[in-house]
Amino acid sequence: MLICPHCGAPLVREEHALRCRNGHSYDIARAGYCNLLQSSRPGEHTGDSREMVMARRHFLDRGYYAGLAEGLCAQVRRLAAGNSAVRLVDAGCGEGYYTRQLAQVLHEGGQLAGSVGIDISKSATQYAAKRDAFTQYVTGSVYHMPVADSCADIICSIFAPTPAEEFHRVLKPDGAVLCVVPGADHLWELKCAVYDTPYKNREEKHGLDGFQLAERHKITYQVHIDDAADIQTLFAMTPYAHRTPRRGLERLHALRELDVTLSFLLLTFRQQMEQSAFPEKRNMVY
């Protein structure tokens, strides 16, 4: 499934490296991931830091998002029904919390033919590779994925960018894109605690250019968080963390426990023959 980010030729694993027929070689780190990110400038943004990845990994390991993971696994089982050789690409996989479980489900069903997790953060792919024996994790951009044309039966995009043109290139004609976006009530109580005038997420029809929305499932439940560090990590996992005023951050740091609603939309897209299904909402699903 992997291709050389330099010339586009297929990559083949030889001992501890991925190599193409044109002589380009990429070392596989001891942890199991491979850096295929083409970075042109020193200091260029490379995703989440090691500290951010560790905090999110700890939070997810506490099981708060287990309900979402179960819903994703159930949907992947449905999408994979009748297919004995499923190839999965997780675009923006982070530390691999969901990727690992999806690959495990396909493996247990005897259906996994290949699994690739891609993230721009080297720290994220490093941690992901250590915990997943069924997936090849690579550091790379979801906008220029180092995977072959028409190789994926399922592409997952979980709280990640969704470059529709790249998804069209990578997805098989009969494949599916599975996206996760926040539901209307997601983190409502946390927003109320932090902001003077909180607002709910909009659940208008989401679009992905050149795709049609085939299925829409909603998952909503509440969790109790009794750890202040977990509350702060949860907030840091949201886009709000980058645009919250000082007063709101002070309220956040004062929280010691919280009952909060988690709400998610699982959106399954199929390719259309015409590449302009949603011209007014091009390329991104948020």
# chains A, B, ... in the order shown; residues from 1 in each chain; ligands from 1
call {"tool": "select_by_dssp", "arguments": {"residues": "range 114-200 of chain A", "states": "alpha helix (DSSP H)", "output": "list in words"}}
result
Lys122, Ser123, Ala124, Thr125, Gln126, Tyr127, Ala128, Ala129, Lys130, Ala164, Glu165, Glu166, Phe167, His168, Arg169, Val170, Trp188, Glu189, Leu190, Lys191, Cys192, Ala193 and Val194 of chain A
call {"tool": "select_by_dssp", "arguments": {"residues": "range 19-225 of chain A", "states": "strand (DSSP E)", "output": "ChimeraX atom specification"}}
result
/A:19,25-27,34-35,86-91,112-119,136-139,152-158,171-182,211-225
call {"tool": "closest_residue", "arguments": {"among": "A:Gln38, A:Ile3, A:Leu60, A:Leu72", "to": "Asn22 in chain A", "atoms": "only C-alpha atoms"}}
result
A:Ile3
call {"tool": "closest_atom_pairs", "arguments": {"of": "range 55-155 of chain A", "to": "range 5-13 of chain A", "cutoff": "9 Å", "atoms": "only C-alpha atoms", "output": "tab-separated table"}}
result
residue	atom	partner	partner_atom	distance
A:Gly140	CA	A:Pro5	CA	8.9
A:His144	CA	A:Pro5	CA	8.4
A:Met145	CA	A:Pro5	CA	8.2
A:Pro146	CA	A:Pro5	CA	5.6
A:Val147	CA	A:Pro10	CA	8.5
A:Ala148	CA	A:Pro10	CA	7.4
call {"tool": "residues_around", "arguments": {"residues": "Ala69 in chain A", "least_positions_apart": "6", "cutoff": "12 Å", "atoms": "only C-alpha atoms", "output": "CSV table (one decimal) with C-alpha atoms, in the first residue's frame"}}
result
chain,number,residue,atom,x,y,z
A,60,LEU,CA,-8.0,7.9,25.9
A,61,ASP,CA,-6.6,4.9,27.9
A,63,GLY,CA,-11.9,4.8,28.5
A,75,GLN,CA,-19.5,0.5,11.5
A,76,VAL,CA,-16.3,-0.9,10.1
A,96,GLY,CA,-3.5,5.1,17.1
A,97,TYR,CA,-6.2,4.6,19.7
A,98,TYR,CA,-8.9,4.0,17.1
A,99,THR,CA,-6.6,2.6,14.4
A,100,ARG,CA,-5.5,-0.2,16.6
A,101,GLN,CA,-9.0,-1.3,17.5
A,102,LEU,CA,-10.3,-1.1,13.9
A,103,ALA,CA,-7.3,-3.2,12.7
A,104,GLN,CA,-7.9,-5.7,15.5
A,105,VAL,CA,-11.5,-6.1,14.6
A,158,ILE,CA,-11.5,11.0,13.0
A,180,VAL,CA,-16.2,11.5,12.8
A,219,ILE,CA,-23.5,8.5,19.4
A,264,PHE,CA,-20.3,12.3,17.9
A,266,LEU,CA,-20.3,9.0,12.3
call {"tool": "closest_atom_pairs", "arguments": {"of": "range 99-188 of chain A", "to": "range 77-95 of chain A", "cutoff": "6 Å", "atoms": "only C-alpha atoms", "output": "tab-separated table"}}
result
residue	atom	partner	partner_atom	distance
A:Gln111	CA	A:Ser84	CA	4.6
A:Leu112	CA	A:Val86	CA	5.1
A:Ala113	CA	A:Ala85	CA	4.8
A:Gly114	CA	A:Arg87	CA	4.7
A:Ser115	CA	A:Leu88	CA	4.7
A:Val116	CA	A:Val89	CA	4.9
A:Gly117	CA	A:Asp90	CA	4.8
A:Ile118	CA	A:Ala91	CA	5.3
A:Asp119	CA	A:Gly92	CA	4.6
A:Ala124	CA	A:Glu95	CA	4.4
A:Thr125	CA	A:Glu95	CA	6.0
A:Tyr127	CA	A:Glu95	CA	5.8
A:Ala128	CA	A:Glu95	CA	4.6
A:Val142	CA	A:Ala91	CA	5.7
A:Ala152	CA	A:Arg87	CA	5.0
A:Asp153	CA	A:Arg87	CA	5.3
A:Ile154	CA	A:Leu88	CA	5.0
A:Ile155	CA	A:Val89	CA	4.8
A:Cys156	CA	A:Asp90	CA	4.7
A:Ser157	CA	A:Ala91	CA	5.4
A:Ala160	CA	A:Gly92	CA	5.6
call {"tool": "closest_residue", "arguments": {"among": "A:Ile120, A:Ala66, A:Leu18, A:Cys73", "to": "Thr46 in chain A", "atoms": "only C-alpha atoms"}}
result
A:Ile120
